[in-house]
Amino acid sequence: MTGSTAATFTADDYRARMERAALEAAEAGLAGLLVAPGPDLVWLTGYTPPAVTERLTLLVLAAGQDPVLVVPALEAPDAHRAAGAAALTLRDWTDGKDPYAATAALLGVSGRFGISDNAWALHLLALQQALPGSSYASLTEALPMLRAVKDTAELGLMAAAGAAADATFEEIRGVPFAGRRESEVAADLDRLLRRHGHEQVDFTIVASGPNGADPHHEAGDRVIARGDMIVLDFGGLRDGYGSDTSRTVHVGEPTDEERRVHDLVREAQEAGFRAVRPGAACQDVDRAARRVIADAGYGEYFIHRTGHGIGVTTHEPPYMIEGEERPLVPGMCFSVEPGIYLPGRFGVRIEDIVTVTEDGGRRLNTTTRELVIVE
Ligand code: ZN
Ligand code: ZN
Ligand code: ZN
């Protein structure tokens, strides 16, 4: 299936999202939301400006008010074509005019506003001056679950992105590894993800041998050799929704220890997945996966949280981490990705995107989690 998210969602979908965001903001004690170009704006309106520049583009949401998109006049025609445009008012401003004063006038009173994490400091500082006495909160911190629960159409796009990542793995396991640089395999991953419909590739980790012990190793010049364990972790956006999967492969026959560590991570990943059900806390997923690894004596080598949410970005709340007590809700999508990292030697990580269902969880990645032997 192809096509853009703009074709999938209607003005009514965007209207409902904006209404809910404004409502949740009010419930969180905020006077409104200020949404800059980026994932929140895409999710709320379907609009991505032609370029993010010093000219202010800002969606203003407040409970009981019509949504208004403040937009540079020269970009208003583009904004007008966005799928969500029918659900909001465009307020364009021309060069030489003060868009911050106009925004302040829209907001009316000073108060506490949620603002996109990625809003430019330039814009926030000017807003602070235009609205003395107002204060600001990170939109993601104030409303962490705003985008967390996906609707049916979103779940369809998430599944398609997962299937494309799986198709990428099925092809990459057949390419030659030994004798090639990590960066060459990473280029293969990039090409395959795009061939399977991704418009954006966020990461193509190829971490061979000792590099595998570094969870976010960037593919580099190391030449892959026989005997290497290799952590592959790749994903991006397909039709606006994210994929992210990890598999660990081995070049030729593994040692008993390599097999044992891989089995352990597979068991931990399975335990994390089995902990997924509505009402369980996010931290329960982390605890379930971590317990398997700790009980086997490798606890100190599992050095990151078990998972992160995914949607219109590839890393977002909810986080599967100790201390995160928010409950899992059907429709949430996140990774379950335990790993073991043995410094100077090798690493293993296995990652699937999982969505919460009414009675448990469903994996959006279904390639084998057994240790795959490559050439
Ligand atoms: Zn080996
Ligand atoms: Zn990943
Ligand atoms: Zn991940």
# chains A, B, ... in the order shown; residues from 1 in each chain; ligands from 1
call {"tool": "closest_atom_pairs", "arguments": {"of": "chain A", "to": "ligand 2", "cutoff": "6 Å", "atoms": "only C-alpha atoms and all ligand atoms", "output": "tab-separated table"}}
result
residue	atom	partner	partner_atom_place_in_ligand_line	distance
A:Asp233	CA	ligand 2	1 (Zn)	4.8
A:Phe234	CA	ligand 2	1 (Zn)	5.8
A:Asp244	CA	ligand 2	1 (Zn)	4.7
A:Thr245	CA	ligand 2	1 (Zn)	5.0
A:Ser246	CA	ligand 2	1 (Zn)	5.5
call {"tool": "residues_around", "arguments": {"residues": "A:Ala105", "least_positions_apart": "4", "cutoff": "12 Å", "atoms": "only C-alpha atoms", "output": "PDB file with N, CA, C and O atoms, in the first residue's frame"}}
result
ATOM      1  N   VAL A  60      -2.148  27.564  17.350  1.00  0.00           N
ATOM      2  CA  VAL A  60      -2.598  27.995  18.668  1.00  0.00           C
ATOM      3  C   VAL A  60      -3.898  27.262  19.010  1.00  0.00           C
ATOM      4  O   VAL A  60      -4.897  27.398  18.306  1.00  0.00           O
ATOM      5  N   VAL A  68      -6.230  28.084  15.499  1.00  0.00           N
ATOM      6  CA  VAL A  68      -5.708  29.071  14.559  1.00  0.00           C
ATOM      7  C   VAL A  68      -4.270  28.714  14.216  1.00  0.00           C
ATOM      8  O   VAL A  68      -3.466  28.427  15.109  1.00  0.00           O
ATOM      9  N   VAL A  70      -1.055  30.335  12.826  1.00  0.00           N
ATOM     10  CA  VAL A  70      -0.327  31.543  12.459  1.00  0.00           C
ATOM     11  C   VAL A  70       0.728  31.108  11.448  1.00  0.00           C
ATOM     12  O   VAL A  70       1.518  30.194  11.722  1.00  0.00           O
ATOM     13  N   ARG A  91      -4.213  32.359   9.998  1.00  0.00           N
ATOM     14  CA  ARG A  91      -3.967  33.774  10.281  1.00  0.00           C
ATOM     15  C   ARG A  91      -2.596  34.093   9.703  1.00  0.00           C
ATOM     16  O   ARG A  91      -1.576  33.778  10.308  1.00  0.00           O
ATOM     17  N   ASP A  98       4.497  42.034  13.045  1.00  0.00           N
ATOM     18  CA  ASP A  98       4.980  41.327  14.236  1.00  0.00           C
ATOM     19  C   ASP A  98       4.068  40.121  14.535  1.00  0.00           C
ATOM     20  O   ASP A  98       2.980  40.287  15.076  1.00  0.00           O
ATOM     21  N   PRO A  99       4.525  38.910  14.162  1.00  0.00           N
ATOM     22  CA  PRO A  99       3.660  37.739  14.367  1.00  0.00           C
ATOM     23  C   PRO A  99       3.490  37.387  15.850  1.00  0.00           C
ATOM     24  O   PRO A  99       2.529  36.722  16.220  1.00  0.00           O
ATOM     25  N   TYR A 100       4.418  37.857  16.676  1.00  0.00           N
ATOM     26  CA  TYR A 100       4.337  37.509  18.102  1.00  0.00           C
ATOM     27  C   TYR A 100       3.242  38.327  18.786  1.00  0.00           C
ATOM     28  O   TYR A 100       2.497  37.809  19.618  1.00  0.00           O
ATOM     29  N   ALA A 101       3.152  39.594  18.403  1.00  0.00           N
ATOM     30  CA  ALA A 101       2.069  40.430  18.944  1.00  0.00           C
ATOM     31  C   ALA A 101       0.727  39.857  18.506  1.00  0.00           C
ATOM     32  O   ALA A 101      -0.233  39.813  19.291  1.00  0.00           O
ATOM     33  N   VAL A 109      -5.059  36.402  27.324  1.00  0.00           N
ATOM     34  CA  VAL A 109      -4.513  36.581  28.664  1.00  0.00           C
ATOM     35  C   VAL A 109      -3.189  35.838  28.782  1.00  0.00           C
ATOM     36  O   VAL A 109      -2.909  34.900  28.053  1.00  0.00           O
ATOM     37  N   SER A 110      -2.382  36.272  29.718  1.00  0.00           N
ATOM     38  CA  SER A 110      -1.175  35.509  29.987  1.00  0.00           C
ATOM     39  C   SER A 110      -1.570  34.315  30.841  1.00  0.00           C
ATOM     40  O   SER A 110      -2.617  34.296  31.486  1.00  0.00           O
ATOM     41  N   LEU A 127       7.900  35.318  22.183  1.00  0.00           N
ATOM     42  CA  LEU A 127       6.560  35.166  22.773  1.00  0.00           C
ATOM     43  C   LEU A 127       6.565  35.594  24.237  1.00  0.00           C
ATOM     44  O   LEU A 127       5.618  36.228  24.719  1.00  0.00           O
ATOM     45  N   ALA A 130       6.306  39.191  24.286  1.00  0.00           N
ATOM     46  CA  ALA A 130       5.013  39.706  23.832  1.00  0.00           C
ATOM     47  C   ALA A 130       3.907  39.436  24.850  1.00  0.00           C
ATOM     48  O   ALA A 130       2.879  40.103  24.844  1.00  0.00           O
ATOM     49  N   LEU A 131       4.111  38.442  25.700  1.00  0.00           N
ATOM     50  CA  LEU A 131       3.097  38.061  26.690  1.00  0.00           C
ATOM     51  C   LEU A 131       3.725  38.043  28.080  1.00  0.00           C
ATOM     52  O   LEU A 131       3.942  36.960  28.636  1.00  0.00           O
TER      53      LEU A 131
END
call {"tool": "residues_near_ligand", "arguments": {"ligand": "ligand 1", "cutoff": "10 Å", "atoms": "only C-alpha atoms and all ligand atoms", "output": "ChimeraX atom specification"}}
result
/A:208-209,225-230,249-259,345-346
call {"tool": "write_last_selection", "arguments": {"atoms": "N, CA and C atoms", "output": "compact mmCIF listing (two decimals), in the first residue's frame"}}
result
# COMPACT_ATOMS: atom_id res chain seq x y z
N SER A 208 29.27 -4.45 14.63
CA SER A 208 29.86 -5.78 14.51
C SER A 208 30.91 -6.02 15.58
N GLY A 209 31.03 -7.28 16.01
CA GLY A 209 32.07 -7.65 16.98
C GLY A 209 32.00 -6.76 18.21
N ALA A 225 34.07 -9.54 10.06
CA ALA A 225 34.85 -10.77 9.90
C ALA A 225 34.02 -11.98 10.32
N ARG A 226 34.46 -13.14 9.86
CA ARG A 226 33.85 -14.40 10.30
C ARG A 226 33.98 -14.49 11.81
N GLY A 227 32.92 -14.96 12.50
CA GLY A 227 32.97 -15.05 13.96
C GLY A 227 32.32 -13.85 14.64
N ASP A 228 32.00 -12.80 13.87
CA ASP A 228 31.38 -11.59 14.47
C ASP A 228 29.91 -11.80 14.78
N MET A 229 29.51 -11.34 15.97
CA MET A 229 28.10 -11.08 16.23
C MET A 229 27.84 -9.69 15.65
N ILE A 230 26.66 -9.46 15.09
CA ILE A 230 26.35 -8.13 14.52
C ILE A 230 24.94 -7.71 14.95
N VAL A 249 22.65 -10.96 14.30
CA VAL A 249 23.02 -12.08 13.44
C VAL A 249 24.47 -12.46 13.72
N HIS A 250 24.89 -13.61 13.25
CA HIS A 250 26.26 -14.06 13.47
C HIS A 250 26.85 -14.53 12.15
N VAL A 251 28.12 -14.18 11.91
CA VAL A 251 28.78 -14.61 10.68
C VAL A 251 29.41 -15.98 10.92
N GLY A 252 28.83 -17.00 10.35
CA GLY A 252 29.31 -18.37 10.56
C GLY A 252 28.80 -18.90 11.89
N GLU A 253 29.40 -20.01 12.33
CA GLU A 253 28.92 -20.67 13.55
C GLU A 253 29.29 -19.89 14.81
N PRO A 254 28.33 -19.66 15.71
CA PRO A 254 28.63 -18.95 16.96
C PRO A 254 29.26 -19.88 18.00
N THR A 255 29.89 -19.28 18.99
CA THR A 255 30.38 -20.06 20.13
C THR A 255 29.20 -20.37 21.04
N ASP A 256 29.44 -21.29 21.99
CA ASP A 256 28.38 -21.63 22.95
C ASP A 256 27.95 -20.40 23.74
N GLU A 257 28.92 -19.58 24.13
CA GLU A 257 28.60 -18.39 24.92
C GLU A 257 27.75 -17.42 24.11
N GLU A 258 28.12 -17.19 22.87
CA GLU A 258 27.35 -16.28 22.02
C GLU A 258 25.91 -16.77 21.88
N ARG A 259 25.77 -18.08 21.71
CA ARG A 259 24.43 -18.64 21.58
C ARG A 259 23.64 -18.48 22.89
N ARG A 345 33.81 -7.02 23.63
CA ARG A 345 33.57 -8.36 23.06
C ARG A 345 32.43 -8.33 22.03
N PHE A 346 31.18 -8.33 22.50
CA PHE A 346 30.06 -8.30 21.55
C PHE A 346 28.79 -7.87 22.27
call {"tool": "atom_distance", "arguments": {"atom1": "atom CA of A:Ala62", "atom2": "atom CA of A:Ala26"}}
result
7.6 Å
call {"tool": "select_by_dssp", "arguments": {"residues": "stretch 82-145 of chain A", "states": "strand (DSSP E)", "output": "NGL selection string"}}
result
:A and (89-93 or 112-115 or 135-138)
call {"tool": "write_last_selection", "arguments": {"atoms": "N, CA, C and O atoms", "output": "PDB file, in the first residue's frame"}}
result
ATOM      1  N   THR A  89      -8.495  27.866  11.356  1.00  0.00           N
ATOM      2  CA  THR A  89      -8.436  29.187  10.736  1.00  0.00           C
ATOM      3  C   THR A  89      -6.985  29.536  10.472  1.00  0.00           C
ATOM      4  O   THR A  89      -6.141  29.352  11.352  1.00  0.00           O
ATOM      5  N   LEU A  90      -6.690  30.020   9.255  1.00  0.00           N
ATOM      6  CA  LEU A  90      -5.332  30.480   8.969  1.00  0.00           C
ATOM      7  C   LEU A  90      -5.240  31.970   9.290  1.00  0.00           C
ATOM      8  O   LEU A  90      -6.113  32.744   8.907  1.00  0.00           O
ATOM      9  N   ARG A  91      -4.213  32.359   9.998  1.00  0.00           N
ATOM     10  CA  ARG A  91      -3.967  33.774  10.281  1.00  0.00           C
ATOM     11  C   ARG A  91      -2.596  34.093   9.703  1.00  0.00           C
ATOM     12  O   ARG A  91      -1.576  33.778  10.308  1.00  0.00           O
ATOM     13  N   ASP A  92      -2.583  34.623   8.451  1.00  0.00           N
ATOM     14  CA  ASP A  92      -1.269  34.845   7.847  1.00  0.00           C
ATOM     15  C   ASP A  92      -0.713  36.219   8.194  1.00  0.00           C
ATOM     16  O   ASP A  92      -1.455  37.154   8.519  1.00  0.00           O
ATOM     17  N   TRP A  93       0.588  36.314   8.187  1.00  0.00           N
ATOM     18  CA  TRP A  93       1.255  37.581   8.499  1.00  0.00           C
ATOM     19  C   TRP A  93       2.319  37.823   7.448  1.00  0.00           C
ATOM     20  O   TRP A  93       2.942  36.901   6.937  1.00  0.00           O
ATOM     21  N   ARG A 112      -0.194  29.838  31.603  1.00  0.00           N
ATOM     22  CA  ARG A 112       0.812  28.814  31.372  1.00  0.00           C
ATOM     23  C   ARG A 112       0.439  28.049  30.102  1.00  0.00           C
ATOM     24  O   ARG A 112      -0.668  27.536  29.976  1.00  0.00           O
ATOM     25  N   PHE A 113       1.363  27.999  29.148  1.00  0.00           N
ATOM     26  CA  PHE A 113       1.100  27.375  27.857  1.00  0.00           C
ATOM     27  C   PHE A 113       2.022  26.188  27.631  1.00  0.00           C
ATOM     28  O   PHE A 113       3.200  26.228  28.005  1.00  0.00           O
ATOM     29  N   GLY A 114       1.489  25.151  27.017  1.00  0.00           N
ATOM     30  CA  GLY A 114       2.333  24.042  26.565  1.00  0.00           C
ATOM     31  C   GLY A 114       2.903  24.411  25.210  1.00  0.00           C
ATOM     32  O   GLY A 114       2.179  24.899  24.343  1.00  0.00           O
ATOM     33  N   ILE A 115       4.201  24.227  25.012  1.00  0.00           N
ATOM     34  CA  ILE A 115       4.825  24.551  23.727  1.00  0.00           C
ATOM     35  C   ILE A 115       5.640  23.359  23.236  1.00  0.00           C
ATOM     36  O   ILE A 115       6.265  22.654  24.043  1.00  0.00           O
ATOM     37  N   SER A 135       3.965  31.740  31.249  1.00  0.00           N
ATOM     38  CA  SER A 135       5.021  30.750  31.448  1.00  0.00           C
ATOM     39  C   SER A 135       4.749  29.572  30.519  1.00  0.00           C
ATOM     40  O   SER A 135       3.666  29.472  29.932  1.00  0.00           O
ATOM     41  N   TYR A 136       5.744  28.703  30.390  1.00  0.00           N
ATOM     42  CA  TYR A 136       5.676  27.676  29.346  1.00  0.00           C
ATOM     43  C   TYR A 136       6.108  26.316  29.879  1.00  0.00           C
ATOM     44  O   TYR A 136       6.984  26.219  30.731  1.00  0.00           O
ATOM     45  N   ALA A 137       5.459  25.278  29.365  1.00  0.00           N
ATOM     46  CA  ALA A 137       5.804  23.906  29.729  1.00  0.00           C
ATOM     47  C   ALA A 137       6.080  23.123  28.453  1.00  0.00           C
ATOM     48  O   ALA A 137       5.520  23.430  27.398  1.00  0.00           O
ATOM     49  N   SER A 138       6.965  22.150  28.541  1.00  0.00           N
ATOM     50  CA  SER A 138       7.207  21.248  27.410  1.00  0.00           C
ATOM     51  C   SER A 138       5.913  20.499  27.105  1.00  0.00           C
ATOM     52  O   SER A 138       5.303  19.907  27.993  1.00  0.00           O
TER      53      SER A 138
END
call {"tool": "residues_near_ligand", "arguments": {"ligand": "ligand 3", "cutoff": "12 Å", "atoms": "only C-alpha atoms and all ligand atoms", "output": "JSON, numbers by chain"}}
result
{"A": [202, 203, 204, 205, 215, 216, 232, 233, 234, 235, 236, 242, 243, 244, 245, 246, 247, 304, 305, 306, 307, 308, 309, 310, 311, 313, 314, 315, 316, 317, 319, 320, 333, 334, 335, 336, 337, 338, 339, 349, 350, 351, 352, 353, 354]}
call {"tool": "residues_around", "arguments": {"residues": "A:Arg362", "least_positions_apart": "2", "cutoff": "12 Å", "atoms": "only C-alpha atoms", "output": "JSON, numbers by chain"}}
result
{"A": [155, 158, 159, 162, 270, 273, 274, 275, 276, 277, 278, 330, 331, 332, 333, 334, 335, 336, 352, 353, 354, 355, 356, 357, 358, 359, 360, 364, 365, 366]}
call {"tool": "atom_distance", "arguments": {"atom1": "atom CA of A:Ala160", "atom2": "atom CA of A:Val206"}}
result
23.2 Å
call {"tool": "residues_around", "arguments": {"residues": "A:Leu157", "least_positions_apart": "5", "cutoff": "9 Å", "atoms": "only C-alpha atoms", "output": "PyMOL selection string"}}
result
chain A and resi 5+152+162+238-242
call {"tool": "closest_residue", "arguments": {"among": "A:Thr368, A:Thr94, A:Thr10, A:Ser116", "to": "A:Leu143", "atoms": "only C-alpha atoms"}}
result
A:Ser116
call {"tool": "closest_residue", "arguments": {"among": "A:Asp166, A:Glu154, A:Asp263, A:Asp117", "to": "A:Leu193", "atoms": "only C-alpha atoms"}}
result
A:Asp166
call {"tool": "closest_residue", "arguments": {"among": "A:Ala167, A:Ala25, A:Leu106, A:Ala186", "to": "A:Thr140", "atoms": "only C-alpha atoms"}}
result
A:Ala25
call {"tool": "residues_around", "arguments": {"residues": "stretch 41-54 of chain A", "least_positions_apart": "4", "cutoff": "10 Å", "atoms": "only C-alpha atoms", "output": "PyMOL selection string"}}
result
chain A and resi 4-7+9-11+13-21+34-37+58-59+69+71-72+75-76+78-88+116+120+122-123+147+240+311-312
call {"tool": "select_by_dssp", "arguments": {"residues": "stretch 121-357 of chain A", "states": "alpha helix (DSSP H)", "output": "ChimeraX atom specification"}}
result
/A:121-130,139-142,152-172,182-195,256-274,282-295
call {"tool": "atom_distance", "arguments": {"atom1": "atom CA of A:Val348", "atom2": "atom CA of A:Val329"}}
result
29.2 Å
call {"tool": "residues_around", "arguments": {"residues": "A:Ile293", "least_positions_apart": "5", "cutoff": "12 Å", "atoms": "only C-alpha atoms", "output": "ChimeraX atom specification"}}
result
/A:260-272,286-288,298-303,306,338-341,348
